[in-house]
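What follows is the content of target20.txt, which has compact mmCIF, N, CA and C atoms:
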```
# COMPACT_ATOMS: atom_id res chain seq x y z
N MET Y 192 147.02 100.38 220.47
CA MET Y 192 145.68 100.59 219.96
C MET Y 192 145.60 101.87 219.13
N ASN Y 193 146.20 102.97 219.63
CA ASN Y 193 146.17 104.23 218.92
C ASN Y 193 146.91 104.13 217.58
N LYS Y 194 148.02 103.38 217.59
CA LYS Y 194 148.77 103.20 216.36
C LYS Y 194 147.92 102.51 215.30
N LEU Y 195 147.10 101.57 215.69
CA LEU Y 195 146.22 100.86 214.77
C LEU Y 195 145.17 101.81 214.21
N LYS Y 196 144.61 102.70 215.05
CA LYS Y 196 143.63 103.68 214.58
C LYS Y 196 144.24 104.60 213.54
N TYR Y 197 145.44 105.13 213.84
CA TYR Y 197 146.09 106.04 212.92
C TYR Y 197 146.47 105.34 211.61
N ALA Y 198 146.92 104.11 211.71
CA ALA Y 198 147.27 103.36 210.51
C ALA Y 198 146.04 103.11 209.65
N SER Y 199 144.91 102.80 210.29
CA SER Y 199 143.66 102.58 209.56
C SER Y 199 143.19 103.87 208.90
N LEU Y 200 143.31 104.97 209.63
CA LEU Y 200 142.90 106.27 209.08
C LEU Y 200 143.74 106.63 207.88
N TRP Y 201 145.06 106.45 207.99
CA TRP Y 201 145.94 106.76 206.87
C TRP Y 201 145.66 105.84 205.68
N LEU Y 202 145.34 104.62 205.95
CA LEU Y 202 145.03 103.68 204.88
C LEU Y 202 143.76 104.12 204.14
N VAL Y 203 142.75 104.55 204.88
CA VAL Y 203 141.51 105.02 204.27
C VAL Y 203 141.78 106.27 203.43
N ILE Y 204 142.55 107.21 203.96
CA ILE Y 204 142.88 108.44 203.23
C ILE Y 204 143.66 108.10 201.95
N LEU Y 205 144.62 107.20 202.07
CA LEU Y 205 145.42 106.79 200.92
C LEU Y 205 144.54 106.14 199.84
N LEU Y 206 143.66 105.23 200.24
CA LEU Y 206 142.78 104.58 199.28
C LEU Y 206 141.84 105.59 198.61
N PHE Y 207 141.29 106.50 199.42
CA PHE Y 207 140.40 107.53 198.87
C PHE Y 207 141.13 108.38 197.83
N THR Y 208 142.35 108.78 198.14
CA THR Y 208 143.15 109.59 197.22
C THR Y 208 143.45 108.82 195.94
N MET Y 209 143.78 107.56 196.09
CA MET Y 209 144.11 106.75 194.90
C MET Y 209 142.90 106.55 194.00
N VAL Y 210 141.72 106.49 194.59
CA VAL Y 210 140.49 106.29 193.80
C VAL Y 210 140.05 107.59 193.13
N THR Y 211 140.13 108.71 193.85
CA THR Y 211 139.61 109.96 193.31
C THR Y 211 140.59 110.70 192.42
N LEU Y 212 141.88 110.50 192.59
CA LEU Y 212 142.87 111.21 191.78
C LEU Y 212 142.73 110.91 190.28
N PRO Y 213 142.62 109.66 189.88
CA PRO Y 213 142.45 109.41 188.44
C PRO Y 213 141.17 110.02 187.87
N LEU Y 214 140.12 110.10 188.67
CA LEU Y 214 138.88 110.69 188.20
C LEU Y 214 139.04 112.17 187.93
N SER Y 215 139.74 112.87 188.80
CA SER Y 215 139.92 114.31 188.61
C SER Y 215 140.94 114.59 187.52
N ALA Y 216 141.86 113.69 187.28
CA ALA Y 216 142.88 113.89 186.26
C ALA Y 216 142.33 113.77 184.85
N GLN Y 217 141.19 113.09 184.70
CA GLN Y 217 140.62 112.92 183.37
C GLN Y 217 140.12 114.23 182.79
N GLY Y 218 139.72 115.15 183.64
CA GLY Y 218 139.20 116.43 183.18
C GLY Y 218 137.83 116.26 182.57
N PRO Y 219 137.30 117.34 181.98
CA PRO Y 219 135.97 117.25 181.39
C PRO Y 219 135.98 116.36 180.15
N MET Y 220 134.89 115.63 179.98
CA MET Y 220 134.79 114.75 178.82
C MET Y 220 134.51 115.60 177.58
N LYS Y 221 135.14 115.25 176.49
CA LYS Y 221 134.98 115.96 175.22
C LYS Y 221 133.76 115.42 174.48
N PHE Y 222 133.08 116.32 173.79
CA PHE Y 222 131.93 115.92 172.97
C PHE Y 222 132.46 115.29 171.69
N ASN Y 223 131.92 114.14 171.35
CA ASN Y 223 132.32 113.43 170.15
C ASN Y 223 131.10 113.37 169.22
N PRO Y 224 131.07 114.22 168.17
CA PRO Y 224 129.89 114.25 167.29
C PRO Y 224 129.59 112.92 166.60
N ALA Y 225 130.62 112.20 166.20
CA ALA Y 225 130.40 110.91 165.52
C ALA Y 225 129.76 109.90 166.47
N LYS Y 226 130.24 109.88 167.71
CA LYS Y 226 129.65 108.96 168.69
C LYS Y 226 128.22 109.37 169.02
N PHE Y 227 127.99 110.68 169.16
CA PHE Y 227 126.65 111.18 169.44
C PHE Y 227 125.68 110.75 168.32
N LYS Y 228 126.10 110.92 167.08
CA LYS Y 228 125.26 110.55 165.94
C LYS Y 228 125.00 109.04 165.92
N ALA Y 229 126.03 108.25 166.14
CA ALA Y 229 125.87 106.79 166.15
C ALA Y 229 124.94 106.35 167.29
N ASP Y 230 125.11 106.95 168.47
CA ASP Y 230 124.25 106.63 169.61
C ASP Y 230 122.80 107.03 169.33
N LEU Y 231 122.61 108.20 168.73
CA LEU Y 231 121.27 108.66 168.38
C LEU Y 231 120.61 107.71 167.40
N GLN Y 232 121.33 107.33 166.36
CA GLN Y 232 120.76 106.42 165.36
C GLN Y 232 120.42 105.07 165.96
N GLN Y 233 121.29 104.57 166.81
CA GLN Y 233 121.01 103.28 167.46
C GLN Y 233 119.78 103.40 168.36
N PHE Y 234 119.71 104.48 169.11
CA PHE Y 234 118.57 104.69 170.02
C PHE Y 234 117.27 104.77 169.23
N ILE Y 235 117.26 105.55 168.16
CA ILE Y 235 116.06 105.70 167.34
C ILE Y 235 115.67 104.36 166.72
N THR Y 236 116.65 103.64 166.20
CA THR Y 236 116.39 102.33 165.57
C THR Y 236 115.72 101.38 166.55
N ILE Y 237 116.21 101.35 167.76
CA ILE Y 237 115.65 100.44 168.77
C ILE Y 237 114.28 100.92 169.23
N GLU Y 238 114.18 102.22 169.59
CA GLU Y 238 112.93 102.76 170.13
C GLU Y 238 111.78 102.70 169.12
N ALA Y 239 112.09 102.95 167.84
CA ALA Y 239 111.04 102.96 166.81
C ALA Y 239 110.90 101.61 166.12
N CYS Y 240 111.70 100.63 166.54
CA CYS Y 240 111.66 99.28 165.96
C CYS Y 240 111.85 99.31 164.44
N LEU Y 241 112.87 100.04 164.00
CA LEU Y 241 113.14 100.11 162.56
C LEU Y 241 113.85 98.84 162.11
N THR Y 242 113.45 98.35 160.96
CA THR Y 242 114.15 97.21 160.37
C THR Y 242 115.46 97.73 159.78
N PRO Y 243 116.41 96.84 159.51
CA PRO Y 243 117.66 97.29 158.87
C PRO Y 243 117.40 98.00 157.52
N HIS Y 244 116.43 97.50 156.78
CA HIS Y 244 116.08 98.12 155.49
C HIS Y 244 115.51 99.52 155.71
N GLU Y 245 114.62 99.68 156.67
CA GLU Y 245 114.03 100.99 156.96
C GLU Y 245 115.11 101.97 157.45
N ALA Y 246 115.98 101.49 158.33
CA ALA Y 246 117.04 102.35 158.86
C ALA Y 246 117.98 102.80 157.76
N ALA Y 247 118.32 101.89 156.86
CA ALA Y 247 119.24 102.22 155.76
C ALA Y 247 118.63 103.26 154.81
N ALA Y 248 117.33 103.23 154.63
CA ALA Y 248 116.67 104.21 153.76
C ALA Y 248 116.39 105.52 154.50
N PHE Y 249 116.12 105.43 155.80
CA PHE Y 249 115.70 106.60 156.57
C PHE Y 249 116.86 107.51 156.98
N PHE Y 250 117.94 106.95 157.52
CA PHE Y 250 118.96 107.79 158.15
C PHE Y 250 119.73 108.72 157.19
N PRO Y 251 120.00 108.34 155.95
CA PRO Y 251 120.64 109.33 155.07
C PRO Y 251 119.76 110.58 154.87
N LEU Y 252 118.47 110.37 154.73
CA LEU Y 252 117.54 111.49 154.58
C LEU Y 252 117.43 112.28 155.89
N TYR Y 253 117.42 111.58 156.99
CA TYR Y 253 117.37 112.21 158.32
C TYR Y 253 118.61 113.08 158.55
N ASP Y 254 119.78 112.55 158.18
CA ASP Y 254 121.03 113.31 158.32
C ASP Y 254 121.03 114.54 157.42
N GLU Y 255 120.48 114.41 156.25
CA GLU Y 255 120.36 115.54 155.32
C GLU Y 255 119.52 116.65 155.96
N MET Y 256 118.40 116.28 156.55
CA MET Y 256 117.54 117.26 157.22
C MET Y 256 118.29 117.93 158.38
N ASN Y 257 118.97 117.13 159.18
CA ASN Y 257 119.70 117.69 160.33
C ASN Y 257 120.80 118.65 159.90
N ASN Y 258 121.49 118.34 158.82
CA ASN Y 258 122.54 119.23 158.32
C ASN Y 258 121.96 120.57 157.86
N LYS Y 259 120.82 120.54 157.21
CA LYS Y 259 120.17 121.77 156.78
C LYS Y 259 119.66 122.56 157.98
N GLN Y 260 119.13 121.86 158.97
CA GLN Y 260 118.65 122.53 160.18
C GLN Y 260 119.82 123.18 160.93
N ARG Y 261 120.95 122.50 160.97
CA ARG Y 261 122.11 123.02 161.70
C ARG Y 261 122.55 124.36 161.13
N VAL Y 262 122.49 124.52 159.81
CA VAL Y 262 122.86 125.78 159.17
C VAL Y 262 121.93 126.90 159.66
N LEU Y 263 120.64 126.60 159.73
CA LEU Y 263 119.66 127.60 160.18
C LEU Y 263 119.84 127.91 161.67
N TYR Y 264 120.08 126.89 162.48
CA TYR Y 264 120.32 127.11 163.91
C TYR Y 264 121.58 127.95 164.13
N ASP Y 265 122.60 127.73 163.33
CA ASP Y 265 123.83 128.52 163.45
C ASP Y 265 123.56 129.99 163.15
N LYS Y 266 122.72 130.25 162.15
CA LYS Y 266 122.36 131.63 161.83
C LYS Y 266 121.61 132.29 162.99
N ILE Y 267 120.70 131.54 163.60
CA ILE Y 267 119.95 132.06 164.75
C ILE Y 267 120.91 132.35 165.90
N ARG Y 268 121.82 131.42 166.16
CA ARG Y 268 122.77 131.60 167.25
C ARG Y 268 123.64 132.85 167.01
N GLU Y 269 124.04 133.06 165.78
CA GLU Y 269 124.83 134.24 165.44
C GLU Y 269 124.04 135.52 165.66
N LEU Y 270 122.77 135.52 165.29
CA LEU Y 270 121.94 136.70 165.50
C LEU Y 270 121.71 136.99 166.98
N LYS Y 271 121.67 135.94 167.79
CA LYS Y 271 121.43 136.11 169.23
C LYS Y 271 122.72 136.39 170.01
N ARG Y 272 123.85 136.25 169.37
CA ARG Y 272 125.13 136.38 170.08
C ARG Y 272 125.30 137.77 170.69
N MET Y 273 125.04 138.80 169.92
CA MET Y 273 125.22 140.16 170.44
C MET Y 273 123.98 140.99 170.14
N LYS Y 274 123.55 141.75 171.14
CA LYS Y 274 122.38 142.60 170.99
C LYS Y 274 122.73 143.78 170.07
N PRO Y 275 121.92 144.02 169.04
CA PRO Y 275 122.16 145.17 168.17
C PRO Y 275 122.12 146.48 168.96
N ALA Y 276 122.78 147.49 168.41
CA ALA Y 276 122.98 148.75 169.13
C ALA Y 276 121.74 149.64 169.16
N ASP Y 277 120.86 149.50 168.17
CA ASP Y 277 119.71 150.41 168.16
C ASP Y 277 118.40 149.64 167.93
N GLU Y 278 117.30 150.34 168.11
CA GLU Y 278 115.96 149.74 168.02
C GLU Y 278 115.69 149.13 166.64
N GLU Y 279 116.08 149.80 165.60
CA GLU Y 279 115.80 149.32 164.24
C GLU Y 279 116.53 148.00 163.96
N ARG Y 280 117.78 147.91 164.37
CA ARG Y 280 118.55 146.66 164.17
C ARG Y 280 117.99 145.54 165.05
N CYS Y 281 117.54 145.88 166.25
CA CYS Y 281 116.91 144.87 167.12
C CYS Y 281 115.66 144.32 166.44
N LYS Y 282 114.86 145.19 165.89
CA LYS Y 282 113.63 144.77 165.20
C LYS Y 282 113.96 143.86 164.02
N LYS Y 283 114.98 144.24 163.23
CA LYS Y 283 115.38 143.41 162.09
C LYS Y 283 115.87 142.04 162.53
N ALA Y 284 116.63 142.00 163.63
CA ALA Y 284 117.14 140.72 164.15
C ALA Y 284 115.99 139.83 164.60
N ILE Y 285 115.02 140.41 165.29
CA ILE Y 285 113.86 139.64 165.76
C ILE Y 285 113.10 139.06 164.57
N ILE Y 286 112.85 139.88 163.56
CA ILE Y 286 112.13 139.41 162.37
C ILE Y 286 112.91 138.31 161.66
N GLU Y 287 114.23 138.46 161.57
CA GLU Y 287 115.05 137.45 160.90
C GLU Y 287 115.06 136.13 161.69
N ILE Y 288 115.15 136.22 163.01
CA ILE Y 288 115.12 135.01 163.85
C ILE Y 288 113.77 134.31 163.68
N ASP Y 289 112.69 135.08 163.70
CA ASP Y 289 111.36 134.48 163.50
C ASP Y 289 111.28 133.78 162.16
N GLN Y 290 111.81 134.40 161.11
CA GLN Y 290 111.76 133.82 159.77
C GLN Y 290 112.58 132.53 159.71
N LEU Y 291 113.74 132.53 160.35
CA LEU Y 291 114.57 131.33 160.37
C LEU Y 291 113.89 130.18 161.11
N GLU Y 292 113.21 130.50 162.21
CA GLU Y 292 112.49 129.45 162.94
C GLU Y 292 111.33 128.90 162.12
N ILE Y 293 110.68 129.75 161.34
CA ILE Y 293 109.62 129.27 160.44
C ILE Y 293 110.23 128.37 159.37
N GLU Y 294 111.40 128.75 158.84
CA GLU Y 294 112.08 127.91 157.84
C GLU Y 294 112.42 126.54 158.41
N ILE Y 295 112.84 126.51 159.66
CA ILE Y 295 113.16 125.22 160.30
C ILE Y 295 111.91 124.35 160.36
N LYS Y 296 110.78 124.92 160.76
CA LYS Y 296 109.54 124.15 160.84
C LYS Y 296 109.08 123.69 159.45
N GLN Y 297 109.23 124.55 158.45
CA GLN Y 297 108.86 124.15 157.09
C GLN Y 297 109.77 123.03 156.59
N LEU Y 298 111.04 123.12 156.91
CA LEU Y 298 111.99 122.08 156.53
C LEU Y 298 111.58 120.75 157.18
N GLN Y 299 111.26 120.79 158.48
CA GLN Y 299 110.81 119.57 159.17
C GLN Y 299 109.57 119.01 158.52
N SER Y 300 108.62 119.87 158.21
CA SER Y 300 107.37 119.42 157.60
C SER Y 300 107.63 118.75 156.25
N ASN Y 301 108.49 119.35 155.45
CA ASN Y 301 108.82 118.77 154.13
C ASN Y 301 109.50 117.41 154.28
N TYR Y 302 110.44 117.33 155.21
CA TYR Y 302 111.12 116.05 155.41
C TYR Y 302 110.21 115.01 156.04
N HIS Y 303 109.32 115.42 156.91
CA HIS Y 303 108.37 114.45 157.48
C HIS Y 303 107.54 113.83 156.37
N ALA Y 304 107.14 114.63 155.39
CA ALA Y 304 106.38 114.09 154.25
C ALA Y 304 107.23 113.08 153.48
N ARG Y 305 108.50 113.37 153.33
CA ARG Y 305 109.40 112.44 152.64
C ARG Y 305 109.63 111.17 153.47
N PHE Y 306 109.75 111.34 154.78
CA PHE Y 306 109.93 110.18 155.66
C PHE Y 306 108.74 109.23 155.57
N LEU Y 307 107.56 109.80 155.38
CA LEU Y 307 106.35 108.97 155.30
C LEU Y 307 106.36 108.07 154.06
N GLY Y 308 107.20 108.38 153.10
CA GLY Y 308 107.39 107.50 151.94
C GLY Y 308 108.26 106.30 152.27
N ILE Y 309 108.95 106.37 153.41
CA ILE Y 309 109.86 105.30 153.83
C ILE Y 309 109.29 104.52 155.01
N LEU Y 310 108.69 105.26 155.96
CA LEU Y 310 108.20 104.66 157.19
C LEU Y 310 106.69 104.83 157.31
N SER Y 311 106.06 103.97 158.08
CA SER Y 311 104.65 104.16 158.41
C SER Y 311 104.53 105.38 159.33
N ALA Y 312 103.34 105.93 159.41
CA ALA Y 312 103.11 107.10 160.26
C ALA Y 312 103.41 106.77 161.72
N SER Y 313 103.03 105.58 162.16
CA SER Y 313 103.27 105.22 163.56
C SER Y 313 104.77 105.10 163.86
N LYS Y 314 105.53 104.57 162.91
CA LYS Y 314 106.98 104.47 163.13
C LYS Y 314 107.62 105.85 163.09
N LEU Y 315 107.17 106.73 162.20
CA LEU Y 315 107.72 108.08 162.17
C LEU Y 315 107.40 108.81 163.47
N TYR Y 316 106.20 108.60 163.97
CA TYR Y 316 105.82 109.19 165.27
C TYR Y 316 106.77 108.70 166.35
N ASP Y 317 107.07 107.40 166.33
CA ASP Y 317 108.00 106.82 167.31
C ASP Y 317 109.42 107.38 167.14
N VAL Y 318 109.82 107.63 165.89
CA VAL Y 318 111.13 108.23 165.63
C VAL Y 318 111.21 109.62 166.25
N ILE Y 319 110.17 110.42 166.04
CA ILE Y 319 110.14 111.79 166.57
C ILE Y 319 110.19 111.77 168.10
N LYS Y 320 109.43 110.87 168.71
CA LYS Y 320 109.45 110.74 170.17
C LYS Y 320 110.82 110.27 170.65
N ALA Y 321 111.41 109.30 169.96
CA ALA Y 321 112.72 108.76 170.36
C ALA Y 321 113.80 109.83 170.27
N GLU Y 322 113.76 110.63 169.23
CA GLU Y 322 114.74 111.70 169.06
C GLU Y 322 114.66 112.68 170.25
N SER Y 323 113.46 113.06 170.58
CA SER Y 323 113.24 113.99 171.70
C SER Y 323 113.72 113.36 173.01
N LYS Y 324 113.39 112.11 173.22
CA LYS Y 324 113.79 111.40 174.45
C LYS Y 324 115.31 111.31 174.54
N PHE Y 325 115.96 111.01 173.43
CA PHE Y 325 117.42 110.90 173.40
C PHE Y 325 118.07 112.23 173.77
N HIS Y 326 117.57 113.32 173.18
CA HIS Y 326 118.15 114.63 173.47
C HIS Y 326 117.94 115.03 174.94
N ARG Y 327 116.78 114.73 175.48
CA ARG Y 327 116.54 115.02 176.91
C ARG Y 327 117.54 114.25 177.79
N GLN Y 328 117.73 112.97 177.48
CA GLN Y 328 118.67 112.15 178.25
C GLN Y 328 120.09 112.67 178.09
N ALA Y 329 120.45 113.07 176.89
CA ALA Y 329 121.80 113.58 176.65
C ALA Y 329 122.05 114.86 177.43
N MET Y 330 121.06 115.74 177.47
CA MET Y 330 121.21 116.98 178.23
C MET Y 330 121.30 116.69 179.73
N ARG Y 331 120.50 115.76 180.21
CA ARG Y 331 120.56 115.38 181.62
C ARG Y 331 121.94 114.82 181.97
N ASN Y 332 122.46 113.97 181.11
CA ASN Y 332 123.77 113.37 181.36
C ASN Y 332 124.89 114.41 181.27
N ALA Y 333 124.77 115.35 180.36
CA ALA Y 333 125.81 116.39 180.22
C ALA Y 333 125.83 117.31 181.42
N ALA Y 334 124.71 117.45 182.09
CA ALA Y 334 124.62 118.35 183.25
C ALA Y 334 125.21 117.73 184.51
N ARG Y 335 125.51 116.47 184.47
CA ARG Y 335 126.07 115.80 185.66
C ARG Y 335 127.55 116.15 185.79
N PRO Y 336 127.95 116.77 186.90
CA PRO Y 336 129.33 117.20 187.05
C PRO Y 336 130.33 116.06 187.25
N TRP Y 337 129.87 114.93 187.72
CA TRP Y 337 130.80 113.82 187.99
C TRP Y 337 131.05 112.96 186.78
N ARG Y 338 130.49 113.28 185.69
CA ARG Y 338 130.66 112.50 184.49
C ARG Y 338 131.95 112.69 183.81
```

Represent the supplied structure as structure tokens.
Amino acid sequence: MNKLKYASLWLVILLFTMVTLPLSAQGPMKFNPAKFKADLQQFITIEACLTPHEAAAFFPLYDEMNNKQRVLYDKIRELKRMKPADEERCKKAIIEIDQLEIEIKQLQSNYHARFLGILSASKLYDVIKAESKFHRQAMRNAARPWR
């Protein structure tokens, strides 16, 4: 009877090891920008009910806006990377960050006006909501350690 218990215990340990070892060997998942972009576009297309024609006209302009925003976000990130050594440089960095954030909002506003030439206001509203929802889900999924 004891031999059966020990054999069962070893079998369970062996199976557990065989199942968990490949998971730990994979290491952290790498971010794939192309997949992220494709997933985002698919999500927005479905959530906002874009037709193929609307999607074909909208996404090149949307990508253009995102590329311009990324440049501004990179500048902000660089300014925030290290605290300036003195009060005057800190003040200049704060003013520059504020100006860059205003530029981002102006850029969004300009592109939203252009998007309205392609999409109805209700569909653009749905696009904006879908983009936000997608990013929230992506952040939630990235925070999961078992992924």

Each residue of region 285-307 of chain Y lying at most 7 Å from region 263-281 of chain Y should get a row with its shortest atom-to-atom pair and the distance in Å to one decimal, counting all atoms listed in the file; could you produce that, ordered by chain and increasing number, as CSV?
```
residue,atom,partner,partner_atom,distance
Y:Ile285,N,Y:Cys281,C,4.1
Y:Ile286,N,Y:Cys281,C,6.0
Y:Ile288,CA,Y:Ile267,CA,5.7
Y:Leu291,CA,Y:Leu263,CA,6.3
Y:Ile295,CA,Y:Leu263,CA,6.9
```

Atomic separation - CA of Gln233 (chain Y) relative to atom C of Phe249 (chain Y), Å: 12.0 Å

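Across the model, the gap from atom C of Ala321 (chain Y) to CA of Thr242 (chain Y) is 16.0 Å.
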
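Interatomic distance, atom N of Ala239 (chain Y) to atom C of Asp317 (chain Y): 5.2 Å.
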
Sel. of alpha helix (DSSP H) residues, region 274-336 of chain Y, as a ChimeraX atom specification: /Y:278-306,312-333

Residues just named, written with N, CA and C atoms as a short mmCIF file (atom, residue, chain, number, x, y, z; two decimals), keeping the file's coordinate frame:
```
data_model
loop_
_atom_site.label_atom_id
_atom_site.label_comp_id
_atom_site.auth_asym_id
_atom_site.auth_seq_id
_atom_site.Cartn_x
_atom_site.Cartn_y
_atom_site.Cartn_z
N GLU Y 278 117.30 150.34 168.11
CA GLU Y 278 115.96 149.74 168.02
C GLU Y 278 115.69 149.13 166.64
N GLU Y 279 116.08 149.80 165.60
CA GLU Y 279 115.80 149.32 164.24
C GLU Y 279 116.53 148.00 163.96
N ARG Y 280 117.78 147.91 164.37
CA ARG Y 280 118.55 146.66 164.17
C ARG Y 280 117.99 145.54 165.05
N CYS Y 281 117.54 145.88 166.25
CA CYS Y 281 116.91 144.87 167.12
C CYS Y 281 115.66 144.32 166.44
N LYS Y 282 114.86 145.19 165.89
CA LYS Y 282 113.63 144.77 165.20
C LYS Y 282 113.96 143.86 164.02
N LYS Y 283 114.98 144.24 163.23
CA LYS Y 283 115.38 143.41 162.09
C LYS Y 283 115.87 142.04 162.53
N ALA Y 284 116.63 142.00 163.63
CA ALA Y 284 117.14 140.72 164.15
C ALA Y 284 115.99 139.83 164.60
N ILE Y 285 115.02 140.41 165.29
CA ILE Y 285 113.86 139.64 165.76
C ILE Y 285 113.10 139.06 164.57
N ILE Y 286 112.85 139.88 163.56
CA ILE Y 286 112.13 139.41 162.37
C ILE Y 286 112.91 138.31 161.66
N GLU Y 287 114.23 138.46 161.57
CA GLU Y 287 115.05 137.45 160.90
C GLU Y 287 115.06 136.13 161.69
N ILE Y 288 115.15 136.22 163.01
CA ILE Y 288 115.12 135.01 163.85
C ILE Y 288 113.77 134.31 163.68
N ASP Y 289 112.69 135.08 163.70
CA ASP Y 289 111.36 134.48 163.50
C ASP Y 289 111.28 133.78 162.16
N GLN Y 290 111.81 134.40 161.11
CA GLN Y 290 111.76 133.82 159.77
C GLN Y 290 112.58 132.53 159.71
N LEU Y 291 113.74 132.53 160.35
CA LEU Y 291 114.57 131.33 160.37
C LEU Y 291 113.89 130.18 161.11
N GLU Y 292 113.21 130.50 162.21
CA GLU Y 292 112.49 129.45 162.94
C GLU Y 292 111.33 128.90 162.12
N ILE Y 293 110.68 129.75 161.34
CA ILE Y 293 109.62 129.27 160.44
C ILE Y 293 110.23 128.37 159.37
N GLU Y 294 111.40 128.75 158.84
CA GLU Y 294 112.08 127.91 157.84
C GLU Y 294 112.42 126.54 158.41
N ILE Y 295 112.84 126.51 159.66
CA ILE Y 295 113.16 125.22 160.30
C ILE Y 295 111.91 124.35 160.36
N LYS Y 296 110.78 124.92 160.76
CA LYS Y 296 109.54 124.15 160.84
C LYS Y 296 109.08 123.69 159.45
N GLN Y 297 109.23 124.55 158.45
CA GLN Y 297 108.86 124.15 157.09
C GLN Y 297 109.77 123.03 156.59
N LEU Y 298 111.04 123.12 156.91
CA LEU Y 298 111.99 122.08 156.53
C LEU Y 298 111.58 120.75 157.18
N GLN Y 299 111.26 120.79 158.48
CA GLN Y 299 110.81 119.57 159.17
C GLN Y 299 109.57 119.01 158.52
N SER Y 300 108.62 119.87 158.21
CA SER Y 300 107.37 119.42 157.60
C SER Y 300 107.63 118.75 156.25
N ASN Y 301 108.49 119.35 155.45
CA ASN Y 301 108.82 118.77 154.13
C ASN Y 301 109.50 117.41 154.28
N TYR Y 302 110.44 117.33 155.21
CA TYR Y 302 111.12 116.05 155.41
C TYR Y 302 110.21 115.01 156.04
N HIS Y 303 109.32 115.42 156.91
CA HIS Y 303 108.37 114.45 157.48
C HIS Y 303 107.54 113.83 156.37
N ALA Y 304 107.14 114.63 155.39
CA ALA Y 304 106.38 114.09 154.25
C ALA Y 304 107.23 113.08 153.48
N ARG Y 305 108.50 113.37 153.33
CA ARG Y 305 109.40 112.44 152.64
C ARG Y 305 109.63 111.17 153.47
N PHE Y 306 109.75 111.34 154.78
CA PHE Y 306 109.93 110.18 155.66
C PHE Y 306 108.74 109.23 155.57
N ALA Y 312 103.34 105.93 159.41
CA ALA Y 312 103.11 107.10 160.26
C ALA Y 312 103.41 106.77 161.72
N SER Y 313 103.03 105.58 162.16
CA SER Y 313 103.27 105.22 163.56
C SER Y 313 104.77 105.10 163.86
N LYS Y 314 105.53 104.57 162.91
CA LYS Y 314 106.98 104.47 163.13
C LYS Y 314 107.62 105.85 163.09
N LEU Y 315 107.17 106.73 162.20
CA LEU Y 315 107.72 108.08 162.17
C LEU Y 315 107.40 108.81 163.47
N TYR Y 316 106.20 108.60 163.97
CA TYR Y 316 105.82 109.19 165.27
C TYR Y 316 106.77 108.70 166.35
N ASP Y 317 107.07 107.40 166.33
CA ASP Y 317 108.00 106.82 167.31
C ASP Y 317 109.42 107.38 167.14
N VAL Y 318 109.82 107.63 165.89
CA VAL Y 318 111.13 108.23 165.63
C VAL Y 318 111.21 109.62 166.25
N ILE Y 319 110.17 110.42 166.04
CA ILE Y 319 110.14 111.79 166.57
C ILE Y 319 110.19 111.77 168.10
N LYS Y 320 109.43 110.87 168.71
CA LYS Y 320 109.45 110.74 170.17
C LYS Y 320 110.82 110.27 170.65
N ALA Y 321 111.41 109.30 169.96
CA ALA Y 321 112.72 108.76 170.36
C ALA Y 321 113.80 109.83 170.27
N GLU Y 322 113.76 110.63 169.23
CA GLU Y 322 114.74 111.70 169.06
C GLU Y 322 114.66 112.68 170.25
N SER Y 323 113.46 113.06 170.58
CA SER Y 323 113.24 113.99 171.70
C SER Y 323 113.72 113.36 173.01
N LYS Y 324 113.39 112.11 173.22
CA LYS Y 324 113.79 111.40 174.45
C LYS Y 324 115.31 111.31 174.54
N PHE Y 325 115.96 111.01 173.43
CA PHE Y 325 117.42 110.90 173.40
C PHE Y 325 118.07 112.23 173.77
N HIS Y 326 117.57 113.32 173.18
CA HIS Y 326 118.15 114.63 173.47
C HIS Y 326 117.94 115.03 174.94
N ARG Y 327 116.78 114.73 175.48
CA ARG Y 327 116.54 115.02 176.91
C ARG Y 327 117.54 114.25 177.79
N GLN Y 328 117.73 112.97 177.48
CA GLN Y 328 118.67 112.15 178.25
C GLN Y 328 120.09 112.67 178.09
N ALA Y 329 120.45 113.07 176.89
CA ALA Y 329 121.80 113.58 176.65
C ALA Y 329 122.05 114.86 177.43
N MET Y 330 121.06 115.74 177.47
CA MET Y 330 121.21 116.98 178.23
C MET Y 330 121.30 116.69 179.73
N ARG Y 331 120.50 115.76 180.21
CA ARG Y 331 120.56 115.38 181.62
C ARG Y 331 121.94 114.82 181.97
N ASN Y 332 122.46 113.97 181.11
CA ASN Y 332 123.77 113.37 181.36
C ASN Y 332 124.89 114.41 181.27
N ALA Y 333 124.77 115.35 180.36
CA ALA Y 333 125.81 116.39 180.22
C ALA Y 333 125.83 117.31 181.42
#
```

Could the residues of region 217-248 of chain Y that have an atom at most 12 Å from region 305-314 of chain Y be listed as a tab-separated table, each with its closest atom pair and the distance in Å to one decimal, counting only C-alpha atoms and ordered by chain and ascending residue number?
```
residue	atom	partner	partner_atom	distance
Y:Ile235	CA	Y:Lys314	CA	10.1
Y:Thr236	CA	Y:Lys314	CA	10.0
Y:Ile237	CA	Y:Lys314	CA	11.1
Y:Glu238	CA	Y:Lys314	CA	9.3
Y:Ala239	CA	Y:Lys314	CA	5.7
Y:Cys240	CA	Y:Lys314	CA	7.5
Y:Leu241	CA	Y:Lys314	CA	7.6
Y:Thr242	CA	Y:Leu310	CA	10.1
Y:His244	CA	Y:Ile309	CA	9.6
Y:Glu245	CA	Y:Ile309	CA	6.8
Y:Ala246	CA	Y:Ile309	CA	9.2
Y:Ala247	CA	Y:Ile309	CA	10.1
Y:Ala248	CA	Y:Ile309	CA	6.9
```
